[in-house]
Each structure stands twice: as C-alpha cells, then as structure tokens.
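Structure file input-v9.pdb; described as PDB, C-alpha atoms.
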ATOM      1  CA  MET D   9     -67.332   9.319 -47.359
ATOM      2  CA  LYS D  10     -67.777   6.834 -44.517
ATOM      3  CA  SER D  11     -66.125   4.011 -46.486
ATOM      4  CA  ASN D  12     -63.202   6.326 -47.360
ATOM      5  CA  LYS D  13     -62.677   6.993 -43.677
ATOM      6  CA  LEU D  14     -62.751   3.313 -42.837
ATOM      7  CA  THR D  15     -60.305   2.552 -45.619
ATOM      8  CA  PHE D  16     -57.968   5.270 -44.355
ATOM      9  CA  ILE D  17     -58.123   3.980 -40.774
ATOM     10  CA  ALA D  18     -57.571   0.395 -41.936
ATOM     11  CA  ILE D  19     -54.526   1.339 -44.041
ATOM     12  CA  THR D  20     -53.063   3.386 -41.186
ATOM     13  CA  ALA D  21     -53.581   0.556 -38.718
ATOM     14  CA  PHE D  22     -52.052  -1.952 -41.148
ATOM     15  CA  LEU D  23     -48.994   0.210 -41.768
ATOM     16  CA  GLY D  24     -48.570   0.855 -38.043
ATOM     17  CA  MET D  25     -48.784  -2.825 -37.149
ATOM     18  CA  SER D  26     -46.464  -3.768 -40.013
ATOM     19  CA  SER D  27     -43.774  -1.365 -38.837
ATOM     20  CA  LEU D  28     -44.124  -2.627 -35.260
ATOM     21  CA  VAL D  29     -43.961  -6.271 -36.230
ATOM     22  CA  THR D  30     -41.032  -5.874 -38.614
ATOM     23  CA  SER D  31     -39.006  -3.690 -36.245
ATOM     24  CA  CYS D  32     -39.452  -6.067 -33.335
ATOM     25  CA  LYS D  33     -39.206  -9.440 -35.056
ATOM     26  CA  LYS D  34     -36.388 -11.692 -34.013
ATOM     27  CA  ASP D  35     -33.332 -11.876 -36.225
ATOM     28  CA  ASP D  36     -33.334 -15.637 -36.074
ATOM     29  CA  ALA D  37     -36.431 -15.596 -38.255
ATOM     30  CA  LYS D  38     -34.281 -14.527 -41.188
ATOM     31  CA  THR D  39     -33.334 -17.042 -43.809
ATOM     32  CA  PRO D  40     -29.621 -17.733 -43.424
ATOM     33  CA  SER D  41     -27.586 -16.821 -46.460
ATOM     34  CA  THR D  42     -23.962 -17.390 -47.328
ATOM     35  CA  PRO D  43     -22.034 -14.119 -47.168
ATOM     36  CA  ALA D  44     -20.093 -13.139 -50.273
ATOM     37  CA  VAL D  45     -16.966 -12.290 -48.252
ATOM     38  CA  MET D  46     -16.203 -13.987 -44.957
ATOM     39  CA  THR D  47     -15.696 -11.317 -42.338
ATOM     40  CA  LEU D  48     -13.992 -12.034 -39.020
ATOM     41  CA  TYR D  49     -17.465 -11.998 -37.494
ATOM     42  CA  ASP D  50     -18.540 -14.743 -39.926
ATOM     43  CA  THR D  51     -15.434 -16.761 -39.068
ATOM     44  CA  LEU D  52     -16.347 -16.555 -35.393
ATOM     45  CA  GLY D  53     -19.782 -18.003 -36.072
ATOM     46  CA  GLY D  54     -21.599 -15.052 -37.584
ATOM     47  CA  THR D  55     -25.341 -14.716 -37.232
ATOM     48  CA  THR D  56     -26.051 -18.346 -36.356
ATOM     49  CA  MET D  57     -28.259 -18.242 -33.285
ATOM     50  CA  VAL D  58     -27.153 -20.296 -30.278
ATOM     51  CA  ALA D  59     -28.246 -20.527 -26.646
ATOM     52  CA  ASP D  60     -26.608 -17.879 -24.474
ATOM     53  CA  PRO D  61     -24.820 -19.716 -21.630
ATOM     54  CA  SER D  62     -24.790 -16.567 -19.478
ATOM     55  CA  ASN D  63     -28.431 -15.781 -20.055
ATOM     56  CA  PRO D  64     -30.590 -18.905 -19.681
ATOM     57  CA  GLY D  65     -33.521 -19.090 -22.084
ATOM     58  CA  LYS D  66     -32.128 -16.483 -24.464
ATOM     59  CA  MET D  67     -30.419 -16.815 -27.827
ATOM     60  CA  ILE D  68     -27.395 -14.925 -29.089
ATOM     61  CA  GLU D  69     -25.509 -14.723 -32.377
ATOM     62  CA  LYS D  70     -22.545 -17.106 -32.298
ATOM     63  CA  GLY D  71     -20.197 -14.371 -33.512
ATOM     64  CA  ARG D  72     -21.260 -12.015 -30.740
ATOM     65  CA  LEU D  73     -20.962 -14.770 -28.131
ATOM     66  CA  ALA D  74     -17.368 -15.471 -29.220
ATOM     67  CA  ILE D  75     -16.480 -11.785 -29.134
ATOM     68  CA  ARG D  76     -18.137 -11.313 -25.753
ATOM     69  CA  GLY D  77     -16.031 -14.161 -24.386
ATOM     70  CA  VAL D  78     -12.838 -12.463 -25.535
ATOM     71  CA  VAL D  79     -14.009  -9.062 -24.319
ATOM     72  CA  ASP D  80     -14.946 -10.384 -20.867
ATOM     73  CA  SER D  81     -11.624 -12.162 -20.446
ATOM     74  CA  SER D  82      -9.810  -9.041 -21.632
ATOM     75  CA  ILE D  83     -11.737  -6.890 -19.158
ATOM     76  CA  PHE D  84     -10.482  -9.119 -16.337
ATOM     77  CA  VAL D  85      -6.913  -8.664 -17.619
ATOM     78  CA  ILE D  86      -7.392  -4.887 -17.897
ATOM     79  CA  ALA D  87      -8.887  -4.725 -14.389
ATOM     80  CA  GLY D  88      -5.764  -6.420 -13.053
ATOM     81  CA  ASP D  89      -3.366  -4.184 -14.983
ATOM     82  CA  PRO D  90      -2.419  -1.114 -12.884
ATOM     83  CA  LYS D  91      -1.068   0.640 -16.001
ATOM     84  CA  MET D  92      -4.539   0.605 -17.548
ATOM     85  CA  GLN D  93      -6.151   1.829 -14.347
ATOM     86  CA  PRO D  94      -6.300   5.547 -15.289
ATOM     87  CA  TYR D  95      -8.338   4.688 -18.366
ATOM     88  CA  PHE D  96     -10.670   2.128 -16.819
ATOM     89  CA  THR D  97     -11.240   3.321 -13.265
ATOM     90  CA  LYS D  98     -15.006   2.871 -13.387
ATOM     91  CA  LEU D  99     -14.442  -0.804 -14.004
ATOM     92  CA  LEU D 100     -13.596  -1.455 -10.358
ATOM     93  CA  ALA D 101     -15.866   1.156  -8.826
ATOM     94  CA  GLU D 102     -18.591  -0.546  -6.820
ATOM     95  CA  VAL D 103     -22.040   0.796  -7.631
ATOM     96  CA  GLY D 104     -25.262   0.768  -5.632
ATOM     97  CA  ALA D 105     -27.944  -1.869  -6.049
ATOM     98  CA  GLY D 106     -29.980  -1.503  -9.223
ATOM     99  CA  ASN D 107     -27.232   0.279 -11.166
ATOM    100  CA  LEU D 108     -25.253  -1.196 -14.010
ATOM    101  CA  THR D 109     -21.690  -1.906 -12.968
ATOM    102  CA  GLY D 110     -18.699  -0.782 -15.012
ATOM    103  CA  PHE D 111     -18.153  -4.404 -15.990
ATOM    104  CA  ALA D 112     -21.690  -4.873 -17.335
ATOM    105  CA  THR D 113     -21.624  -1.585 -19.234
ATOM    106  CA  LEU D 114     -18.143  -2.031 -20.670
ATOM    107  CA  SER D 115     -18.777  -5.648 -21.645
ATOM    108  CA  ASP D 116     -21.945  -4.730 -23.516
ATOM    109  CA  ASN D 117     -20.579  -1.620 -25.239
ATOM    110  CA  PHE D 118     -17.152  -2.978 -26.099
ATOM    111  CA  THR D 119     -18.675  -6.209 -27.413
ATOM    112  CA  THR D 120     -20.956  -4.193 -29.698
ATOM    113  CA  PHE D 121     -18.016  -2.030 -30.824
ATOM    114  CA  VAL D 122     -15.820  -5.018 -31.695
ATOM    115  CA  ALA D 123     -18.730  -6.959 -33.220
ATOM    116  CA  THR D 124     -19.496  -4.037 -35.524
ATOM    117  CA  ALA D 125     -15.823  -3.584 -36.402
ATOM    118  CA  THR D 126     -15.478  -7.261 -37.281
ATOM    119  CA  GLY D 127     -18.481  -7.257 -39.609
ATOM    120  CA  ALA D 128     -21.647  -7.757 -37.531
ATOM    121  CA  LYS D 129     -24.695  -6.388 -39.292
ATOM    122  CA  ASN D 130     -27.360  -6.705 -36.604
ATOM    123  CA  TYR D 131     -25.704  -4.429 -34.037
ATOM    124  CA  THR D 132     -24.981  -0.730 -34.189
ATOM    125  CA  TYR D 133     -22.196   1.088 -32.383
ATOM    126  CA  THR D 134     -23.623   4.443 -31.309
ATOM    127  CA  GLY D 135     -20.597   5.898 -29.510
ATOM    128  CA  MET D 136     -18.281   8.688 -30.644
ATOM    129  CA  ASN D 137     -15.812   8.162 -33.454
ATOM    130  CA  MET D 138     -12.413   7.010 -32.223
ATOM    131  CA  LYS D 139     -10.624  10.319 -32.887
ATOM    132  CA  ASP D 140     -13.100  12.466 -30.952
ATOM    133  CA  ALA D 141     -13.545   9.833 -28.268
ATOM    134  CA  HIS D 142      -9.843   9.955 -27.397
ATOM    135  CA  ASP D 143      -9.478  13.717 -27.590
ATOM    136  CA  PRO D 144      -9.796  15.261 -24.080
ATOM    137  CA  ALA D 145     -10.938  18.509 -25.702
ATOM    138  CA  LYS D 146     -13.945  16.782 -27.227
ATOM    139  CA  ASN D 147     -14.544  14.071 -24.669
ATOM    140  CA  SER D 148     -14.424  15.250 -21.061
ATOM    141  CA  ARG D 149     -14.302  11.661 -19.831
ATOM    142  CA  MET D 150     -10.887  11.254 -21.411
ATOM    143  CA  ALA D 151      -8.609  12.567 -18.643
ATOM    144  CA  GLN D 152      -5.447  12.539 -20.731
ATOM    145  CA  LYS D 153      -4.299  11.833 -24.257
ATOM    146  CA  ALA D 154      -3.260   8.258 -24.869
ATOM    147  CA  ASP D 155       0.237   7.535 -26.104
ATOM    148  CA  ALA D 156       1.430   4.686 -28.304
ATOM    149  CA  ALA D 157       2.799   2.719 -25.337
ATOM    150  CA  ASP D 158      -0.589   2.775 -23.562
ATOM    151  CA  PHE D 159      -2.347   1.716 -26.736
ATOM    152  CA  ASP D 160       0.060  -1.200 -27.203
ATOM    153  CA  LEU D 161      -0.503  -2.222 -23.576
ATOM    154  CA  PHE D 162      -4.236  -2.169 -24.172
ATOM    155  CA  VAL D 163      -3.933  -4.341 -27.277
ATOM    156  CA  GLY D 164      -1.581  -6.622 -25.330
ATOM    157  CA  ASP D 165      -4.249  -7.066 -22.647
ATOM    158  CA  ILE D 166      -6.816  -7.931 -25.320
ATOM    159  CA  VAL D 167      -4.433 -10.549 -26.717
ATOM    160  CA  VAL D 168      -3.910 -12.048 -23.243
ATOM    161  CA  GLY D 169      -7.698 -12.131 -22.771
ATOM    162  CA  ALA D 170      -8.176 -13.807 -26.144
ATOM    163  CA  LYS D 171      -5.528 -16.434 -25.351
ATOM    164  CA  LYS D 172      -7.096 -17.152 -21.967
ATOM    165  CA  ASN D 173     -10.325 -17.669 -23.880
ATOM    166  CA  GLY D 174      -8.720 -20.199 -26.230
ATOM    167  CA  VAL D 175      -8.869 -18.077 -29.384
ATOM    168  CA  PRO D 176      -6.506 -19.393 -32.109
ATOM    169  CA  ASP D 177      -3.490 -17.247 -33.047
ATOM    170  CA  ASN D 178      -4.684 -16.580 -36.598
ATOM    171  CA  ILE D 179      -7.941 -15.122 -35.289
ATOM    172  CA  ILE D 180      -6.039 -13.058 -32.705
ATOM    173  CA  ALA D 181      -3.845 -11.702 -35.517
ATOM    174  CA  ARG D 182      -6.938 -10.611 -37.477
ATOM    175  CA  LEU D 183      -8.413  -9.018 -34.372
ATOM    176  CA  GLY D 184      -5.090  -7.253 -33.750
ATOM    177  CA  THR D 185      -5.147  -5.867 -37.285
ATOM    178  CA  ILE D 186      -8.628  -4.442 -36.689
ATOM    179  CA  LEU D 187      -7.632  -2.888 -33.355
ATOM    180  CA  ASN D 188      -4.443  -1.430 -34.815
ATOM    181  CA  SER D 189      -6.434   0.120 -37.655
ATOM    182  CA  VAL D 190      -7.740   2.722 -35.152
ATOM    183  CA  LYS D 191      -4.351   3.331 -33.512
ATOM    184  CA  ALA D 192      -3.758   6.561 -35.434
ATOM    185  CA  ASP D 193      -7.053   7.949 -34.137
ATOM    186  CA  VAL D 194      -6.574   6.783 -30.548
ATOM    187  CA  VAL D 195      -2.929   7.806 -30.049
ATOM    188  CA  GLN D 196      -2.858  11.579 -29.884
ATOM    189  CA  LYS D 197       0.433  12.379 -28.147
TER     190      LYS D 197
ATOM    191  CA  MET V  13     -60.741  23.118 -47.034
ATOM    192  CA  THR V  14     -63.261  23.530 -44.273
ATOM    193  CA  ARG V  15     -62.257  24.116 -40.688
ATOM    194  CA  LYS V  16     -63.909  20.866 -39.649
ATOM    195  CA  LYS V  17     -61.807  18.894 -42.110
ATOM    196  CA  LEU V  18     -58.636  20.610 -40.914
ATOM    197  CA  ILE V  19     -59.409  19.687 -37.313
ATOM    198  CA  ARG V  20     -59.962  16.065 -38.357
ATOM    199  CA  ILE V  21     -56.589  15.949 -40.139
ATOM    200  CA  VAL V  22     -54.883  17.415 -37.073
ATOM    201  CA  ILE V  23     -56.564  14.893 -34.751
ATOM    202  CA  VAL V  24     -55.710  11.911 -36.976
ATOM    203  CA  THR V  25     -52.101  13.063 -37.442
ATOM    204  CA  SER V  26     -51.677  13.687 -33.713
ATOM    205  CA  THR V  27     -53.144  10.302 -32.830
ATOM    206  CA  ILE V  28     -50.846   8.466 -35.255
ATOM    207  CA  SER V  29     -47.827  10.428 -33.980
ATOM    208  CA  LEU V  30     -48.749   9.641 -30.392
ATOM    209  CA  LEU V  31     -49.177   5.936 -31.161
ATOM    210  CA  LEU V  32     -45.806   5.816 -32.933
ATOM    211  CA  PHE V  33     -44.134   7.634 -30.038
ATOM    212  CA  VAL V  34     -45.664   5.209 -27.530
ATOM    213  CA  ALA V  35     -44.453   2.295 -29.688
ATOM    214  CA  LEU V  36     -40.945   3.808 -29.716
ATOM    215  CA  VAL V  37     -40.896   4.273 -25.938
ATOM    216  CA  VAL V  38     -42.153   0.715 -25.348
ATOM    217  CA  HIS V  39     -39.507  -0.617 -27.750
ATOM    218  CA  ILE V  40     -36.716   1.342 -26.022
ATOM    219  CA  ALA V  41     -37.980   0.215 -22.609
ATOM    220  CA  MET V  42     -37.834  -3.394 -23.792
ATOM    221  CA  VAL V  43     -34.351  -3.269 -25.302
ATOM    222  CA  SER V  44     -32.658  -0.928 -22.829
ATOM    223  CA  ASN V  45     -33.860  -2.446 -19.575
ATOM    224  CA  PRO V  46     -30.648  -2.831 -17.533
ATOM    225  CA  LYS V  47     -31.960  -6.101 -16.151
ATOM    226  CA  ASN V  48     -31.742  -7.526 -19.664
ATOM    227  CA  LYS V  49     -27.975  -6.977 -19.703
ATOM    228  CA  VAL V  50     -26.061 -10.209 -19.461
ATOM    229  CA  HIS V  51     -23.862  -9.159 -16.540
ATOM    230  CA  TYR V  52     -26.524  -7.233 -14.649
ATOM    231  CA  GLY V  53     -25.478  -6.931 -11.001
ATOM    232  CA  VAL V  54     -22.034  -8.433 -11.641
ATOM    233  CA  GLN V  55     -19.232  -6.340 -10.134
ATOM    234  CA  LEU V  56     -15.488  -6.764 -10.603
ATOM    235  CA  SER V  57     -13.186  -6.330  -7.612
ATOM    236  CA  ARG V  58      -9.442  -6.640  -7.217
ATOM    237  CA  ILE V  59      -7.204  -7.779  -4.384
ATOM    238  CA  ASP V  60      -3.509  -6.851  -4.556
ATOM    239  CA  PHE V  61      -1.087  -9.136  -2.741
ATOM    240  CA  ASN V  62       1.794  -7.490  -0.915
ATOM    241  CA  SER V  63       4.133 -10.443  -1.413
ATOM    242  CA  PRO V  64       4.368 -12.931  -4.281
ATOM    243  CA  LEU V  65       2.259 -16.078  -4.012
ATOM    244  CA  ASP V  66       3.573 -19.495  -4.947
ATOM    245  CA  VAL V  67       1.580 -21.870  -7.143
ATOM    246  CA  LYS V  68       0.114 -23.706  -4.158
ATOM    247  CA  GLN V  69      -1.043 -20.481  -2.542
ATOM    248  CA  VAL V  70      -2.600 -19.304  -5.800
ATOM    249  CA  ASP V  71      -4.535 -22.556  -6.053
ATOM    250  CA  GLU V  72      -5.689 -22.305  -2.449
ATOM    251  CA  VAL V  73      -6.818 -18.702  -2.862
ATOM    252  CA  CYS V  74      -8.667 -19.439  -6.110
ATOM    253  CA  ILE V  75     -10.385 -22.535  -4.696
ATOM    254  CA  TYR V  76     -11.413 -20.627  -1.582
ATOM    255  CA  LEU V  77     -12.760 -17.659  -3.547
ATOM    256  CA  LYS V  78     -14.743 -19.975  -5.818
ATOM    257  CA  SER V  79     -16.332 -21.563  -2.734
ATOM    258  CA  ILE V  80     -17.770 -18.224  -1.593
ATOM    259  CA  GLU V  81     -21.414 -17.806  -2.560
ATOM    260  CA  GLY V  82     -21.885 -14.996  -5.082
ATOM    261  CA  VAL V  83     -18.331 -15.109  -6.447
ATOM    262  CA  GLY V  84     -18.041 -16.015 -10.125
ATOM    263  CA  SER V  85     -15.075 -15.938 -12.480
ATOM    264  CA  ILE V  86     -11.596 -15.393 -11.047
ATOM    265  CA  MET V  87      -8.378 -14.379 -12.772
ATOM    266  CA  TYR V  88      -4.979 -14.318 -11.063
ATOM    267  CA  SER V  89      -2.258 -12.181 -12.616
ATOM    268  CA  LYS V  90       1.234 -13.425 -11.838
ATOM    269  CA  GLU V  91       2.767 -10.366 -13.457
ATOM    270  CA  ASN V  92       0.805  -7.911 -11.326
ATOM    271  CA  ASN V  93       0.467 -10.208  -8.299
ATOM    272  CA  ASN V  94      -3.229  -9.546  -7.920
ATOM    273  CA  ILE V  95      -6.508 -11.314  -8.365
ATOM    274  CA  VAL V  96      -9.600 -10.010 -10.109
ATOM    275  CA  PHE V  97     -12.913 -11.642  -9.359
ATOM    276  CA  ALA V  98     -16.536 -11.171 -10.350
ATOM    277  CA  HIS V  99     -19.217 -11.184  -7.687
ATOM    278  CA  GLN V 100     -22.954 -10.636  -7.496
ATOM    279  CA  LEU V 101     -23.498  -7.301  -5.775
ATOM    280  CA  ASP V 102     -26.784  -8.350  -4.214
ATOM    281  CA  VAL V 103     -25.144 -11.410  -2.658
ATOM    282  CA  ILE V 104     -21.732 -10.228  -1.457
ATOM    283  CA  SER V 105     -19.598  -7.083  -1.676
ATOM    284  CA  GLY V 106     -15.949  -6.919  -2.687
ATOM    285  CA  GLN V 107     -15.012  -5.855   0.841
ATOM    286  CA  GLU V 108     -16.763  -8.877   2.365
ATOM    287  CA  VAL V 109     -14.940 -11.212  -0.018
ATOM    288  CA  TYR V 110     -11.629  -9.556   0.871
ATOM    289  CA  GLU V 111     -12.292  -9.847   4.630
ATOM    290  CA  LYS V 112     -13.253 -13.512   4.296
ATOM    291  CA  LEU V 113     -10.103 -14.266   2.283
ATOM    292  CA  VAL V 114      -7.751 -12.515   4.720
ATOM    293  CA  ALA V 115      -9.410 -14.134   7.726
ATOM    294  CA  GLU V 116      -9.461 -17.623   6.238
ATOM    295  CA  LYS V 117      -6.175 -17.767   4.315
ATOM    296  CA  ASN V 118      -4.147 -15.232   6.299
ATOM    297  CA  VAL V 119      -2.702 -13.627   3.170
ATOM    298  CA  ASP V 120      -0.906 -10.287   3.166
ATOM    299  CA  ALA V 121      -3.086  -8.325   0.786
ATOM    300  CA  LYS V 122      -5.123  -5.185   0.369
ATOM    301  CA  ARG V 123      -8.312  -4.601  -1.526
ATOM    302  CA  PHE V 124      -8.122  -2.159  -4.408
ATOM    303  CA  TYR V 125     -10.425   0.666  -3.459
ATOM    304  CA  LEU V 126     -11.266   3.909  -5.221
ATOM    305  CA  THR V 127     -11.617   7.011  -3.081
ATOM    306  CA  PRO V 128     -14.325   9.544  -4.011
ATOM    307  CA  GLU V 129     -11.517  11.918  -5.100
ATOM    308  CA  GLU V 130     -10.111   9.311  -7.467
ATOM    309  CA  MET V 131     -13.586   8.657  -8.808
ATOM    310  CA  ALA V 132     -14.159  12.351  -9.444
ATOM    311  CA  LYS V 133     -11.081  12.791 -11.600
ATOM    312  CA  THR V 134     -11.407   9.521 -13.394
ATOM    313  CA  ALA V 135     -11.848   8.920 -17.065
ATOM    314  CA  LYS V 136     -13.900   6.053 -18.359
ATOM    315  CA  CYS V 137     -13.772   4.160 -21.566
ATOM    316  CA  PRO V 138     -14.681   6.441 -24.465
ATOM    317  CA  VAL V 139     -16.481   3.628 -26.265
ATOM    318  CA  MET V 140     -19.414   4.541 -24.027
ATOM    319  CA  ASN V 141     -21.056   7.757 -25.144
ATOM    320  CA  ASP V 142     -24.109   8.398 -23.027
ATOM    321  CA  LYS V 143     -24.580  11.885 -24.412
ATOM    322  CA  ASN V 144     -25.939  10.908 -27.799
ATOM    323  CA  LEU V 145     -29.664  11.179 -28.504
ATOM    324  CA  LEU V 146     -30.405   7.461 -28.352
ATOM    325  CA  MET V 147     -28.627   6.975 -25.023
ATOM    326  CA  SER V 148     -30.262  10.097 -23.551
ATOM    327  CA  LEU V 149     -33.697   8.876 -24.592
ATOM    328  CA  ALA V 150     -32.958   5.401 -23.225
ATOM    329  CA  HIS V 151     -31.870   6.914 -19.870
ATOM    330  CA  LYS V 152     -35.072   8.948 -19.650
ATOM    331  CA  VAL V 153     -37.180   5.900 -20.466
ATOM    332  CA  GLN V 154     -35.345   3.926 -17.764
ATOM    333  CA  ILE V 155     -35.900   6.711 -15.223
ATOM    334  CA  TYR V 156     -39.594   7.176 -15.880
ATOM    335  CA  PHE V 157     -40.810   3.743 -16.949
ATOM    336  CA  LEU V 158     -38.523   1.068 -15.477
TER     337      LEU V 158
END
Please express what this file holds, its structure, as structure tokens.
Amino acid sequence: MKSNKLTFIAITAFLGMSSLVTSCKKDDAKTPSTPAVMTLYDTLGGTTMVADPSNPGKMIEKGRLAIRGVVDSSIFVIAGDPKMQPYFTKLLAEVGAGNLTGFATLSDNFTTFVATATGAKNYTYTGMNMKDAHDPAKNSRMAQKADAADFDLFVGDIVVGAKKNGVPDNIIARLGTILNSVKADVVQK
Amino acid sequence: MTRKKLIRIVIVTSTISLLLFVALVVHIAMVSNPKNKVHYGVQLSRIDFNSPLDVKQVDEVCIYLKSIEGVGSIMYSKENNNIVFAHQLDVISGQEVYEKLVAEKNVDAKRFYLTPEEMAKTAKCPVMNDKNLLMSLAHKVQIYFL
C-alpha cells in the first residue's frame, strides 16, 4: 500500500515536472528542419534565432524580427498620417508611467498578427477574427465601419513603412497579397 | 470505497490542481510582464508644422531632436508636413521635446495632442482584443502579482 502511494506520487511529480519543462523550454532548443513549403515567414528568416537588437541579451526569431521592423516603421507612418488618426488614436495618447504605450502594445500585437498570417508557428494571434473586429456592432472599440479607401490607405502606409525599412519589392508584394486577403472582412461599408 | 479513501483522493486531486494553477499563473506572469515588451516605456509623439520645411530645415530639426536625451527614432513626413518621434517616457515627455524644439529652432509648429473628449470617443486597433480569456487572465496576473 505504502509503495503504491509512493509510486503514485512519483508518477504525478514526474508528469507535472515534464509538462512544466516542456511548456517553458526555449524554442531555440528545437532541431531546425527544412520546411516543405517556404512561407513568407520562412523567406524572412523563419525560426532561426538571432540576437534581438532592441532587447539586449535576448534572442528572437529572424522572421519575427524582420516583421517587427516593418511593423514599427509602418506604425511611424500611420502615426504621421492624419487620415488614419480616427483608427489609431491611442497610438499618440501619452500614458502614465508603468503603463504600456499604444506603440508598445500595437507593435507587439500587430507583429504577432502579421507573423502568424505569414506562416509563423511559434506565435498565436488571440484577437478577434477580422470580420467581427471591424464590425462596430461586435467590437465597441471600432468607432465606425471602414471603407475601401481607408483600407487602401492603411495598406499604403504599410508599404511605405516596409520601403523605409529596406524590404525588397517582391516581399512587399507578397505581404500586400496577405493583407488584401482580409480586405473583404475589414471593409464593411 | 471508504470515506477515508475518498478524502485522500479529494486532497490529492486538489493539491495537483492547485500546483498546476500556480504553475500557470507563474508562467503567465513571466510571459506577460509588460517590462518584457520590447518597446516598454517608449511613447510616440507627433509635431505638426504650420508651414512647409525645406530640406535644410528638416535636417536641422532631425539632428536636433536626435541630440535630445530620451528621443529615439524619428520619421519626417513630407506629405503631411509633420514629424513623428519615439521617446522614453521616464526620461522626457512629448511636450518637453516640443518646447525644446520650438525654443531652440524657432519653428512654427504645434504638438499633436489628444483631449480627454477625443480619447473617450476614440477607437483603437481591433487587432488588440483584451476581452478574451487569456488577456483577462494576464491582466489579473499583472494587477495582483507584478
């Protein structure tokens, strides 16, 4: 009876530790493998781990780093574009100390969204689907429905950001195709 | 099944559940700590110029802004005649940068500023959904443990 108990406790402890260790282990410990189909994320560097220039001492997937560069440049373009202002007001709203700014939040979330859309496997976008997210009836943060002209302006700002970041035209075209694939869901008037 | 055995099963199950919950909270606290975000404390601000700047003026403004401690990346938009810059909130505010620029370079400009009324009626990017379960849990962990 006593040995059964010990065995049970040992198995439970082993399983618990295993789940902790596997869920928290770094992705760079994985053996790199050649993907069957090259996604845009793979083209941008994929899961190869590199030093994060904006975060000393930390590593980041090369694909995510490239996307974050484009996203950050694009956010600067959007912040300077008065026509985009109604959709991105929080971006320029100064917050108190200790709070995440609109820039930090948008950069992180939009990078994850684009990374996932381009084929990243180690990140998960947890936001609303694009149709609900752009429907004021389902998303109270959406003040008004977006029209096709606003969507095109947004994509245009992303392209400007990508160019300022030195992204080649063929990559920009592939990124544009991905962004335009959600146009039907985003444009609702 | 005796009562004693039932109590033991309940205790063991509760203990395992508690340990797993603690592990989940610790994990969320580690991955959702705002200070781990790359641009933590970085704020964007915008200055709109009331008259067009020539190339020399743009260079002067950019060089001056870059020389201010706490100011990071800068992007001038010729089309919109404004400048967007990143700055560390704990070092310098957007208003202080604006005042320094106007005083030093004597440019005709105004700082883009959101009134509380504008903030109240604003929309923000729908990519961010802080109402889902994961985000709600992360917010609670940040409030109570970070």
### Message
Under the rule that all atoms listed in the file are counted, which of D:Leu52, D:Val190, D:Val85, D:Ala141 is the nearest residue to Glu69 (chain D)?
### Response
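Checking each candidate against Glu69 (chain D), we get D:Leu52 as the closest.
CA of Val78 (chain D) to CA of Thr113 (chain D) spans 15.3 Å [interatomic distance, one decimal].
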I'd like to see the residues matched by the PyMOL selection byres ((chain V and resi 50-59) around 7) on this file, and ideally I'd get them as a PDB file with C-alpha atoms, in the frame of the given file.
ATOM      1  CA  SER D  62     -24.790 -16.567 -19.478  1.00  0.00           C
ATOM      2  CA  ASN D  63     -28.431 -15.781 -20.055  1.00  0.00           C
ATOM      3  CA  GLY D  88      -5.764  -6.420 -13.053  1.00  0.00           C
ATOM      4  CA  LEU D  99     -14.442  -0.804 -14.004  1.00  0.00           C
ATOM      5  CA  LEU D 100     -13.596  -1.455 -10.358  1.00  0.00           C
ATOM      6  CA  GLU D 102     -18.591  -0.546  -6.820  1.00  0.00           C
ATOM      7  CA  LEU D 108     -25.253  -1.196 -14.010  1.00  0.00           C
ATOM      8  CA  THR D 109     -21.690  -1.906 -12.968  1.00  0.00           C
ATOM      9  CA  PHE D 111     -18.153  -4.404 -15.990  1.00  0.00           C
ATOM     10  CA  ALA D 112     -21.690  -4.873 -17.335  1.00  0.00           C
TER      11      ALA D 112
ATOM     12  CA  PRO V  46     -30.648  -2.831 -17.533  1.00  0.00           C
ATOM     13  CA  LYS V  47     -31.960  -6.101 -16.151  1.00  0.00           C
ATOM     14  CA  ASN V  48     -31.742  -7.526 -19.664  1.00  0.00           C
ATOM     15  CA  LYS V  49     -27.975  -6.977 -19.703  1.00  0.00           C
ATOM     16  CA  ASP V  60      -3.509  -6.851  -4.556  1.00  0.00           C
ATOM     17  CA  PHE V  61      -1.087  -9.136  -2.741  1.00  0.00           C
ATOM     18  CA  ASN V  94      -3.229  -9.546  -7.920  1.00  0.00           C
ATOM     19  CA  ILE V  95      -6.508 -11.314  -8.365  1.00  0.00           C
ATOM     20  CA  VAL V  96      -9.600 -10.010 -10.109  1.00  0.00           C
ATOM     21  CA  PHE V  97     -12.913 -11.642  -9.359  1.00  0.00           C
ATOM     22  CA  ALA V  98     -16.536 -11.171 -10.350  1.00  0.00           C
ATOM     23  CA  HIS V  99     -19.217 -11.184  -7.687  1.00  0.00           C
ATOM     24  CA  GLN V 100     -22.954 -10.636  -7.496  1.00  0.00           C
ATOM     25  CA  LEU V 101     -23.498  -7.301  -5.775  1.00  0.00           C
ATOM     26  CA  GLY V 106     -15.949  -6.919  -2.687  1.00  0.00           C
ATOM     27  CA  ALA V 121      -3.086  -8.325   0.786  1.00  0.00           C
ATOM     28  CA  LYS V 122      -5.123  -5.185   0.369  1.00  0.00           C
ATOM     29  CA  ARG V 123      -8.312  -4.601  -1.526  1.00  0.00           C
ATOM     30  CA  PHE V 124      -8.122  -2.159  -4.408  1.00  0.00           C
TER      31      PHE V 124
END
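Of the residues under consideration (V:Asn93, V:Gly82, V:Glu130, V:Leu113), V:Asn93 shows the shortest atom-to-atom contact distance to Pro90 (chain D) when counting all atoms listed in the file.
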### Task
I need the residue set behind the PyMOL selection byres ((chain D and resi 175) around 12) for this file; please write it as a PyMOL selection string.
chain D and resi 51-52+74-75+77-79+81-82+166-174+176-183
#### Entry: Point-to-point distance from CA of Lys146 (chain D) to CA of Tyr131 (chain D), Å rounded to tenths
25.2 Å
